[in-house]
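Pasted below: my_file04.pdb, PDB, C-alpha atoms.
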ATOM      1  CA  MET A   1       0.000   0.000   0.000
ATOM      2  CA  PHE A   2       1.214   3.476  -0.822
ATOM      3  CA  LYS A   3       2.373   5.511   2.143
ATOM      4  CA  GLY A   4       3.267   9.162   1.803
ATOM      5  CA  LEU A   5       2.168  12.557   3.011
ATOM      6  CA  ILE A   6       2.872  16.211   2.449
ATOM      7  CA  GLY A   7       3.175  18.315   5.589
ATOM      8  CA  LYS A   8       4.448  21.381   7.321
ATOM      9  CA  LYS A   9       7.316  21.316   9.777
ATOM     10  CA  ILE A  10       6.080  22.705  13.102
ATOM     11  CA  GLY A  11       9.225  22.501  15.213
ATOM     12  CA  MET A  12      11.077  20.377  17.700
ATOM     13  CA  THR A  13      10.240  19.276  21.218
ATOM     14  CA  GLN A  14      10.891  16.222  23.327
ATOM     15  CA  ILE A  15       8.729  13.402  24.594
ATOM     16  CA  PHE A  16       9.449  10.504  26.928
ATOM     17  CA  ASP A  17       9.382   6.778  26.198
ATOM     18  CA  GLU A  18       8.071   4.143  28.607
ATOM     19  CA  ASN A  19      11.452   3.990  30.373
ATOM     20  CA  GLY A  20      11.401   7.724  30.963
ATOM     21  CA  ALA A  21      14.138   8.481  28.442
ATOM     22  CA  ALA A  22      13.744  11.720  26.515
ATOM     23  CA  ILE A  23      13.339  11.449  22.739
ATOM     24  CA  PRO A  24      14.040  14.451  20.512
ATOM     25  CA  VAL A  25      11.047  14.856  18.229
ATOM     26  CA  THR A  26      10.309  16.947  15.170
ATOM     27  CA  VAL A  27       6.581  17.563  14.905
ATOM     28  CA  ILE A  28       5.126  17.699  11.401
ATOM     29  CA  GLU A  29       1.582  18.726  10.606
ATOM     30  CA  ALA A  30       0.910  16.272   7.795
ATOM     31  CA  GLY A  31      -2.160  15.882   5.694
ATOM     32  CA  PRO A  32      -4.963  15.451   5.108
ATOM     33  CA  CYS A  33      -3.692  14.859   1.595
ATOM     34  CA  TYR A  34      -5.714  13.933  -1.450
ATOM     35  CA  VAL A  35      -4.631  11.707  -4.290
ATOM     36  CA  THR A  36      -4.933  14.119  -7.169
ATOM     37  CA  GLN A  37      -3.533  11.869  -9.882
ATOM     38  CA  VAL A  38      -2.068   8.407 -10.314
ATOM     39  CA  ARG A  39       0.698   8.120 -12.874
ATOM     40  CA  THR A  40       0.845   4.766 -14.594
ATOM     41  CA  GLU A  41       3.518   2.955 -16.560
ATOM     42  CA  GLU A  42       1.252   2.649 -19.611
ATOM     43  CA  ARG A  43       0.133   6.239 -19.866
ATOM     44  CA  ASP A  44       2.966   8.248 -18.310
ATOM     45  CA  GLY A  45       5.934   5.915 -18.615
ATOM     46  CA  TYR A  46       6.439   5.774 -14.851
ATOM     47  CA  SER A  47       4.447   4.899 -11.799
ATOM     48  CA  ALA A  48       3.785   7.535  -9.159
ATOM     49  CA  VAL A  49       1.171   9.099  -6.944
ATOM     50  CA  GLN A  50       0.437  12.811  -7.021
ATOM     51  CA  LEU A  51      -0.737  14.188  -3.703
ATOM     52  CA  GLY A  52      -2.313  17.546  -2.930
ATOM     53  CA  PHE A  53      -2.060  19.357   0.406
ATOM     54  CA  GLY A  54      -3.018  22.664   1.973
ATOM     55  CA  GLU A  55      -6.446  24.097   1.267
ATOM     56  CA  SER A  56      -6.458  27.630  -0.054
ATOM     57  CA  LYS A  57      -8.806  30.123  -1.579
ATOM     58  CA  PRO A  58      -9.927  29.206  -5.105
ATOM     59  CA  ARG A  59      -8.796  32.557  -6.472
ATOM     60  CA  ARG A  60      -5.194  31.828  -5.512
ATOM     61  CA  LEU A  61      -5.060  28.957  -7.997
ATOM     62  CA  THR A  62      -5.003  29.129 -11.770
ATOM     63  CA  GLY A  63      -7.879  27.831 -13.835
ATOM     64  CA  GLY A  64      -5.820  24.851 -14.935
ATOM     65  CA  GLN A  65      -5.059  23.874 -11.372
ATOM     66  CA  LEU A  66      -8.706  24.204 -10.382
ATOM     67  CA  GLY A  67      -9.805  22.106 -13.343
ATOM     68  CA  HIS A  68      -7.278  19.410 -12.446
ATOM     69  CA  LEU A  69      -8.685  19.212  -8.912
ATOM     70  CA  LYS A  70     -12.303  19.517  -9.971
ATOM     71  CA  LYS A  71     -12.021  16.216 -11.847
ATOM     72  CA  HIS A  72     -12.424  14.384  -8.536
ATOM     73  CA  ASN A  73     -14.340  17.118  -6.697
ATOM     74  CA  LEU A  74     -11.351  18.017  -4.513
ATOM     75  CA  PRO A  75     -10.985  21.283  -2.611
ATOM     76  CA  PRO A  76      -8.527  23.896  -3.937
ATOM     77  CA  LEU A  77      -5.082  22.663  -2.843
ATOM     78  CA  ARG A  78      -1.948  24.773  -2.777
ATOM     79  CA  PHE A  79       0.716  22.109  -3.039
ATOM     80  CA  LEU A  80       0.873  19.207  -5.483
ATOM     81  CA  ARG A  81       3.792  16.807  -5.213
ATOM     82  CA  GLU A  82       4.537  13.463  -6.806
ATOM     83  CA  PHE A  83       5.776  10.380  -4.979
ATOM     84  CA  ARG A  84       7.313   7.504  -6.939
ATOM     85  CA  ALA A  85       5.499   4.306  -5.980
ATOM     86  CA  LYS A  86       5.599   0.744  -7.288
ATOM     87  CA  ASN A  87       2.372  -0.787  -5.989
ATOM     88  CA  VAL A  88       0.012   2.094  -5.726
ATOM     89  CA  GLU A  89      -3.268   0.634  -4.389
ATOM     90  CA  VAL A  90      -4.855   4.073  -4.020
ATOM     91  CA  LYS A  91      -7.442   5.676  -6.245
ATOM     92  CA  GLU A  92      -7.606   9.224  -7.482
ATOM     93  CA  GLY A  93      -9.682  11.271  -5.062
ATOM     94  CA  ASP A  94      -8.656   9.219  -2.024
ATOM     95  CA  LYS A  95      -7.923  11.043   1.208
ATOM     96  CA  LEU A  96      -4.748  10.171   3.132
ATOM     97  CA  THR A  97      -4.280  11.151   6.762
ATOM     98  CA  VAL A  98      -1.524  10.610   9.325
ATOM     99  CA  ASP A  99      -2.869   7.179  10.226
ATOM    100  CA  VAL A 100      -1.196   5.699   7.134
ATOM    101  CA  PHE A 101       1.864   5.720   9.402
ATOM    102  CA  GLU A 102       2.006   4.189  12.823
ATOM    103  CA  VAL A 103       4.399   4.496  15.740
ATOM    104  CA  GLY A 104       7.488   2.396  15.078
ATOM    105  CA  ASP A 105       7.489   2.878  11.284
ATOM    106  CA  HIS A 106      10.557   4.302   9.620
ATOM    107  CA  VAL A 107      10.220   7.185   7.191
ATOM    108  CA  ASP A 108      12.297   9.417   4.953
ATOM    109  CA  VAL A 109      11.567  13.123   5.260
ATOM    110  CA  VAL A 110      12.337  15.464   2.374
ATOM    111  CA  GLY A 111      12.658  19.196   2.900
ATOM    112  CA  HIS A 112      14.459  22.212   1.588
ATOM    113  CA  ALA A 113      17.464  23.165   3.701
ATOM    114  CA  LYS A 114      17.637  26.588   5.299
ATOM    115  CA  GLY A 115      19.423  29.089   3.079
ATOM    116  CA  ARG A 116      22.971  29.914   4.191
ATOM    117  CA  GLY A 117      23.723  32.458   1.470
ATOM    118  CA  PHE A 118      27.244  32.667   0.061
ATOM    119  CA  ALA A 119      29.140  30.388   2.426
ATOM    120  CA  GLY A 120      32.845  29.702   2.665
ATOM    121  CA  ALA A 121      34.481  26.304   2.281
ATOM    122  CA  VAL A 122      34.714  25.773   6.048
ATOM    123  CA  LYS A 123      30.952  26.010   6.563
ATOM    124  CA  ARG A 124      29.954  24.572   3.196
ATOM    125  CA  TYR A 125      32.236  21.541   2.987
ATOM    126  CA  GLY A 126      33.652  21.219   6.480
ATOM    127  CA  PHE A 127      37.195  22.227   5.499
ATOM    128  CA  GLY A 128      39.578  22.656   8.382
ATOM    129  CA  GLY A 129      40.657  26.196   7.564
ATOM    130  CA  GLY A 130      44.163  27.430   8.197
ATOM    131  CA  PRO A 131      46.281  27.629  11.331
ATOM    132  CA  LYS A 132      44.949  29.977  13.977
ATOM    133  CA  THR A 133      48.332  31.032  15.298
ATOM    134  CA  HIS A 134      51.990  31.229  14.245
ATOM    135  CA  GLY A 135      51.727  34.563  12.527
ATOM    136  CA  GLN A 136      48.822  33.747  10.253
ATOM    137  CA  SER A 137      46.844  36.583   8.782
ATOM    138  CA  ASP A 138      43.794  36.228   6.521
ATOM    139  CA  ARG A 139      44.294  32.432   6.427
ATOM    140  CA  HIS A 140      42.024  31.299   9.264
ATOM    141  CA  ARG A 141      39.094  30.144   7.121
ATOM    142  CA  ALA A 142      40.834  29.925   3.765
ATOM    143  CA  PRO A 143      40.240  26.821   1.592
ATOM    144  CA  GLY A 144      43.954  26.091   1.038
ATOM    145  CA  SER A 145      45.423  25.085  -2.290
ATOM    146  CA  ILE A 146      42.953  24.671  -5.139
ATOM    147  CA  GLY A 147      45.237  22.677  -7.411
ATOM    148  CA  ALA A 148      48.647  22.145  -8.943
ATOM    149  CA  THR A 149      50.665  24.784 -10.782
ATOM    150  CA  SER A 150      51.655  24.859 -14.476
ATOM    151  CA  GLY A 151      51.339  21.048 -14.799
ATOM    152  CA  THR A 152      47.598  21.347 -15.030
ATOM    153  CA  ALA A 153      47.401  25.117 -15.250
ATOM    154  CA  ARG A 154      43.722  25.071 -14.379
ATOM    155  CA  VAL A 155      41.322  24.304 -11.572
ATOM    156  CA  PHE A 156      39.444  21.062 -12.040
ATOM    157  CA  PRO A 157      35.673  21.242 -12.436
ATOM    158  CA  GLY A 158      33.830  20.313  -9.275
ATOM    159  CA  LYS A 159      36.576  21.664  -6.993
ATOM    160  CA  ARG A 160      34.883  22.433  -3.694
ATOM    161  CA  MET A 161      34.996  26.159  -3.103
ATOM    162  CA  ALA A 162      32.947  28.902  -1.490
ATOM    163  CA  GLY A 163      29.528  29.534  -2.966
ATOM    164  CA  HIS A 164      25.813  29.446  -2.403
ATOM    165  CA  MET A 165      24.690  27.015   0.268
ATOM    166  CA  GLY A 166      21.264  25.843   1.377
ATOM    167  CA  THR A 167      17.711  25.985  -0.040
ATOM    168  CA  HIS A 168      18.413  22.716  -1.842
ATOM    169  CA  ARG A 169      16.440  19.525  -1.424
ATOM    170  CA  VAL A 170      17.627  17.350   1.458
ATOM    171  CA  THR A 171      16.346  13.937   2.534
ATOM    172  CA  ALA A 172      16.658  12.765   6.130
ATOM    173  CA  GLN A 173      16.565   8.983   5.899
ATOM    174  CA  ASN A 174      15.255   6.322   8.225
ATOM    175  CA  LEU A 175      13.651   8.442  10.916
ATOM    176  CA  GLU A 176      11.550   6.548  13.422
ATOM    177  CA  VAL A 177       7.926   7.589  13.824
ATOM    178  CA  VAL A 178       7.380   8.150  17.545
ATOM    179  CA  LEU A 179       4.103  10.025  17.600
ATOM    180  CA  VAL A 180       0.918   9.948  15.542
ATOM    181  CA  ASP A 181      -1.965  12.221  16.487
ATOM    182  CA  ALA A 182      -4.865  11.645  14.102
ATOM    183  CA  GLU A 183      -7.006  14.285  15.788
ATOM    184  CA  ARG A 184      -4.576  17.118  15.117
ATOM    185  CA  ASN A 185      -3.020  15.618  11.966
ATOM    186  CA  LEU A 186       0.381  15.470  13.622
ATOM    187  CA  ILE A 187       3.223  13.076  13.076
ATOM    188  CA  GLY A 188       6.397  13.110  15.172
ATOM    189  CA  VAL A 189       9.712  11.679  14.010
ATOM    190  CA  ARG A 190      12.834  11.054  16.067
ATOM    191  CA  GLY A 191      15.543  13.586  15.309
ATOM    192  CA  ALA A 192      15.852  16.619  13.101
ATOM    193  CA  VAL A 193      14.271  17.301   9.728
ATOM    194  CA  PRO A 194      15.669  19.593   7.006
ATOM    195  CA  GLY A 195      14.216  23.050   6.505
ATOM    196  CA  PRO A 196      12.845  25.924   8.530
ATOM    197  CA  LYS A 197       9.792  25.819  10.764
ATOM    198  CA  GLY A 198       6.734  26.165   8.562
ATOM    199  CA  GLY A 199       8.625  24.661   5.629
ATOM    200  CA  LEU A 200       6.993  22.118   3.331
ATOM    201  CA  VAL A 201       8.169  18.542   3.908
ATOM    202  CA  LEU A 202       7.390  15.237   2.250
ATOM    203  CA  VAL A 203       7.071  12.175   4.469
ATOM    204  CA  LYS A 204       7.616   8.873   2.688
ATOM    205  CA  GLU A 205       8.232   5.278   3.569
ATOM    206  CA  ALA A 206      11.919   4.664   4.271
ATOM    207  CA  ARG A 207      13.748   3.351   1.209
ATOM    208  CA  LYS A 208      16.564   1.682   3.109
ATOM    209  CA  GLN A 209      15.394  -0.333   6.041
TER     210      GLN A 209
ATOM    211  CA  MET B 210       5.592  29.200  21.595
ATOM    212  CA  ASN B 211       3.780  27.397  18.862
ATOM    213  CA  GLU B 212       0.318  26.228  19.958
ATOM    214  CA  VAL B 213       0.598  22.902  18.201
ATOM    215  CA  LEU B 214       3.915  22.122  19.895
ATOM    216  CA  ASN B 215       2.414  23.151  23.187
ATOM    217  CA  ALA B 216      -0.274  20.527  22.774
ATOM    218  CA  VAL B 217       2.255  17.773  22.059
ATOM    219  CA  LYS B 218       4.800  18.467  24.775
ATOM    220  CA  PRO B 219       4.674  16.329  27.905
ATOM    221  CA  PRO B 220       3.331  17.902  31.108
ATOM    222  CA  ARG B 221       5.565  18.915  33.983
ATOM    223  CA  ASN B 222       6.225  16.168  36.480
ATOM    224  CA  PRO B 223       3.650  16.937  39.206
ATOM    225  CA  ASN B 224       5.988  15.615  41.919
ATOM    226  CA  ILE B 225       8.376  18.526  41.456
ATOM    227  CA  PRO B 226       7.412  21.595  43.504
ATOM    228  CA  ASP B 227       8.260  25.148  42.468
ATOM    229  CA  LEU B 228      11.978  25.601  42.940
ATOM    230  CA  ASN B 229      14.090  28.677  43.498
ATOM    231  CA  ILE B 230      17.723  29.299  42.695
ATOM    232  CA  GLY B 231      19.867  28.486  45.713
ATOM    233  CA  ASP B 232      17.446  25.978  47.214
ATOM    234  CA  ILE B 233      18.983  22.965  48.919
ATOM    235  CA  VAL B 234      17.000  20.094  47.431
ATOM    236  CA  SER B 235      16.870  16.332  47.452
ATOM    237  CA  VAL B 236      15.986  14.845  44.096
ATOM    238  CA  PHE B 237      14.786  11.259  44.213
ATOM    239  CA  VAL B 238      15.438   9.588  40.867
ATOM    240  CA  ARG B 239      14.172   6.177  39.813
ATOM    241  CA  ILE B 240      17.047   4.118  38.480
ATOM    242  CA  LYS B 241      16.760   0.831  36.605
ATOM    243  CA  GLU B 242      19.474  -1.737  37.273
ATOM    244  CA  GLY B 243      18.749  -4.799  35.222
ATOM    245  CA  ASN B 244      15.301  -5.803  36.382
ATOM    246  CA  ASN B 245      15.475  -3.957  39.671
ATOM    247  CA  GLU B 246      14.234  -0.463  40.111
ATOM    248  CA  ARG B 247      15.412   1.634  42.988
ATOM    249  CA  VAL B 248      15.305   5.258  44.027
ATOM    250  CA  GLN B 249      18.498   7.260  44.371
ATOM    251  CA  GLU B 250      18.761  10.521  46.224
ATOM    252  CA  PHE B 251      20.770  13.410  44.833
ATOM    253  CA  LYS B 252      21.093  16.216  47.347
ATOM    254  CA  GLY B 253      22.555  19.599  46.525
ATOM    255  CA  THR B 254      22.047  23.233  45.601
ATOM    256  CA  VAL B 255      19.938  24.390  42.679
ATOM    257  CA  ILE B 256      22.469  26.518  40.793
ATOM    258  CA  ALA B 257      20.605  27.042  37.523
ATOM    259  CA  MET B 258      17.197  26.725  35.936
ATOM    260  CA  HIS B 259      16.591  26.669  32.211
ATOM    261  CA  GLU B 260      13.034  27.803  31.628
ATOM    262  CA  SER B 261      12.479  26.628  28.108
ATOM    263  CA  ALA B 262       8.989  26.228  26.764
ATOM    264  CA  THR B 263       9.619  22.704  25.500
ATOM    265  CA  ASN B 264      12.267  21.284  27.822
ATOM    266  CA  PRO B 265      12.736  23.167  31.074
ATOM    267  CA  THR B 266      15.557  21.866  33.278
ATOM    268  CA  PHE B 267      17.210  22.554  36.610
ATOM    269  CA  THR B 268      20.799  21.902  37.628
ATOM    270  CA  VAL B 269      21.774  20.647  41.067
ATOM    271  CA  ARG B 270      25.338  20.862  42.363
ATOM    272  CA  ARG B 271      26.598  18.808  45.246
ATOM    273  CA  ILE B 272      30.008  18.180  46.759
ATOM    274  CA  ALA B 273      30.792  14.470  46.624
ATOM    275  CA  SER B 274      33.498  12.663  48.554
ATOM    276  CA  ASN B 275      36.999  14.161  48.425
ATOM    277  CA  GLY B 276      35.453  17.559  47.768
ATOM    278  CA  ILE B 277      34.709  16.854  44.136
ATOM    279  CA  GLY B 278      31.835  18.886  42.785
ATOM    280  CA  VAL B 279      29.149  16.942  40.913
ATOM    281  CA  GLU B 280      26.471  18.664  38.864
ATOM    282  CA  ARG B 281      23.435  16.990  37.454
ATOM    283  CA  THR B 282      20.788  18.494  35.215
ATOM    284  CA  PHE B 283      17.237  17.213  35.610
ATOM    285  CA  LEU B 284      14.296  17.648  33.285
ATOM    286  CA  PHE B 285      11.202  19.180  34.853
ATOM    287  CA  GLN B 286       9.075  16.910  32.664
ATOM    288  CA  SER B 287      11.002  13.729  33.392
ATOM    289  CA  PRO B 288       8.827  10.865  34.614
ATOM    290  CA  ARG B 289      11.926   9.328  36.227
ATOM    291  CA  ILE B 290      11.849  11.810  39.105
ATOM    292  CA  GLU B 291       9.988  10.287  42.036
ATOM    293  CA  LYS B 292       9.866  13.451  44.121
ATOM    294  CA  VAL B 293      11.819  16.573  45.011
ATOM    295  CA  THR B 294      11.982  17.952  48.526
ATOM    296  CA  VAL B 295      13.211  21.427  49.376
ATOM    297  CA  GLN B 296      15.279  21.548  52.568
ATOM    298  CA  ARG B 297      15.922  25.266  52.720
ATOM    299  CA  HIS B 298      15.998  28.433  50.675
ATOM    300  CA  SER B 299      19.006  30.697  50.237
ATOM    301  CA  HIS B 300      19.493  34.394  49.855
ATOM    302  CA  VAL B 301      20.869  34.782  46.335
ATOM    303  CA  ARG B 302      21.324  37.779  44.089
ATOM    304  CA  ARG B 303      21.669  36.174  40.688
ATOM    305  CA  ALA B 304      19.873  33.667  38.474
ATOM    306  CA  LYS B 305      22.837  31.374  37.846
ATOM    307  CA  LEU B 306      25.147  30.424  40.694
ATOM    308  CA  TYR B 307      28.039  29.316  38.511
ATOM    309  CA  TYR B 308      30.454  31.189  40.775
ATOM    310  CA  LEU B 309      30.057  28.365  43.284
ATOM    311  CA  ARG B 310      32.154  26.204  40.980
ATOM    312  CA  GLU B 311      35.272  28.184  41.803
ATOM    313  CA  ARG B 312      34.665  28.041  45.538
ATOM    314  CA  THR B 313      35.092  25.361  48.135
ATOM    315  CA  GLY B 314      34.418  25.048  51.838
ATOM    316  CA  LYS B 315      33.228  28.069  53.772
ATOM    317  CA  SER B 316      33.163  30.458  50.842
ATOM    318  CA  ALA B 317      30.850  28.152  48.914
ATOM    319  CA  ARG B 318      28.090  28.563  51.493
ATOM    320  CA  LEU B 319      24.902  30.471  50.806
ATOM    321  CA  LYS B 320      23.089  32.557  53.372
ATOM    322  CA  GLN B 321      19.849  30.947  54.442
ATOM    323  CA  LYS B 322      16.631  32.745  53.627
ATOM    324  CA  PHE B 323      13.682  32.282  55.959
ATOM    325  CA  THR B 324      10.261  32.552  54.451
ATOM    326  CA  LYS B 325       6.954  32.636  56.267
TER     327      LYS B 325
END

Rewritten as structure tokens:
Amino acid sequence: MFKGLIGKKIGMTQIFDENGAAIPVTVIEAGPCYVTQVRTEERDGYSAVQLGFGESKPRRLTGGQLGHLKKHNLPPLRFLREFRAKNVEVKEGDKLTVDVFEVGDHVDVVGHAKGRGFAGAVKRYGFGGGPKTHGQSDRHRAPGSIGATSGTARVFPGKRMAGHMGTHRVTAQNLEVVLVDAERNLIGVRGAVPGPKGGLVLVKEARKQ
Amino acid sequence: MNEVLNAVKPPRNPNIPDLNIGDIVSVFVRIKEGNNERVQEFKGTVIAMHESATNPTFTVRRIASNGIGVERTFLFQSPRIEKVTVQRHSHVRRAKLYYLRERTGKSARLKQKFTK
């Protein structure tokens, strides 16, 4: 059965297990999501489920979007995202809520990392930087050598240097589900999740278990 | 704090009374050893409280044998705390008593505060 949800990251807190040990938890407000389209091998060349999340005002959507949703009499939804799925077992128009997951499941959570702007090599790639003492000036967070001299006479493509960091898609794999609250549409996973509070996240079944 | 998070967070352990900085307290903690469960007392001074919305804590400092200072931070929400008793209050003028770490013996004492 297909398991996946679109949600909003609420923030982190901690809860306690039966032994009284504290568990760090990221709370995600997930669903209710609607299956807006099922992609099939025959028609689309791949198999996937398109989910919609986040009701909005009809005037905020384009006519095409509204028509797409109207096909199955769905409310106006702000976010549509596709999830690759092998055995789908859901129909278009179906409603998915947090109870597709249960406590003890493992999930992958996809988000967009917080933007770090133009970051240096120390922050961006974990470089060690230069020596802090022994007469160094301007070398504390420098990336070091970026290549050989006239032998190559160029810098190889892909050389890790300073540049824009963050706002890219990040997947946190194999997070344990520790809390499911069907009443409030909340799901809690152990550990941190990429992205800012309020950011859109996708919760899927863990690929590597 | 976010309302949704507020609804999810565990309640404060009802066996912990209101504490003040400088209080001499005994914290009784349930400890699991194999299959046995027993209660251990940790007696000392409350030197810090971290009043966070999601995970408030308090730190207790005690002087163990050989004059070695031991600090332990407890969670206000922890279900492992059996009870906390307050032995006495102290007259203190700051929120964090980290200066006690540099002191031993007589100079590490706090003046007792009597409340009605």

Using all atoms listed in the file, which residues of chain B come within 8 Å of stretch 8-20 of chain A, and what is the closest atom pair for each, with the distance in Å to one decimal? Give it as a Markdown table, sorted by chain and residue number.
| residue | atom | partner | partner_atom | distance |
| --- | --- | --- | --- | --- |
| B:Asn211 | CA | A:Ile10 | CA | 7.8 |
| B:Val213 | CA | A:Ile10 | CA | 7.5 |
| B:Leu214 | CA | A:Thr13 | CA | 7.1 |
| B:Lys218 | CA | A:Ile15 | CA | 6.4 |
| B:Pro219 | CA | A:Ile15 | CA | 6.0 |
| B:Thr263 | CA | A:Thr13 | CA | 5.5 |
| B:Asn264 | CA | A:Gln14 | CA | 6.9 |
| B:Ser287 | CA | A:Gly20 | CA | 6.5 |
| B:Pro288 | CA | A:Gly20 | CA | 5.5 |
| B:Arg289 | CA | A:Gly20 | CA | 5.5 |

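For the set B:Arg270, B:Ile290, B:Ser316, B:Leu309, the residue with the smallest atom-to-atom gap to B:Ile240 is B:Ile290, counting all atoms listed in the file.
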
Could you check how far atom CA of B:Ala273 sits from atom CA of B:Arg303, in Å to one decimal?
24.3 Å

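Going from atom CA of A:Gly52 over to atom CA of A:Ile6, you cover 7.6 Å.
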
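Atom CA of B:Gln321 is positioned 19.2 Å from atom CA of B:Met258.
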
If we count only C-alpha atoms and set the cut-off at 9 Å, which residues sit around B:Phe267, ignoring sequence neighbours fewer than 6 positions away in its own chain? Please answer as a ChimeraX atom specification.
/B:228,255-260,281-285

Return as a PDB file with C-alpha atoms, in the coordinates of the input the set of residues that the PyMOL selection byres ((chain A and resi 128-131) around 7) yields on the displayed structure.
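Okay, out-v1.pdb is ready:
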ATOM      1  CA  VAL A 122      34.714  25.773   6.048  1.00  0.00           C
ATOM      2  CA  GLY A 126      33.652  21.219   6.480  1.00  0.00           C
ATOM      3  CA  PHE A 127      37.195  22.227   5.499  1.00  0.00           C
ATOM      4  CA  LYS A 132      44.949  29.977  13.977  1.00  0.00           C
ATOM      5  CA  THR A 133      48.332  31.032  15.298  1.00  0.00           C
ATOM      6  CA  GLN A 136      48.822  33.747  10.253  1.00  0.00           C
ATOM      7  CA  ARG A 139      44.294  32.432   6.427  1.00  0.00           C
ATOM      8  CA  HIS A 140      42.024  31.299   9.264  1.00  0.00           C
ATOM      9  CA  ARG A 141      39.094  30.144   7.121  1.00  0.00           C
ATOM     10  CA  ALA A 142      40.834  29.925   3.765  1.00  0.00           C
ATOM     11  CA  PRO A 143      40.240  26.821   1.592  1.00  0.00           C
TER      12      PRO A 143
END

Taking the file above as input, evaluate the PyMOL selection byres ((chain A and resi 73) around 12) and report the hits as a VMD selection string.
chain A and resid 34 to 36 66 to 72 74 to 77 92 to 95
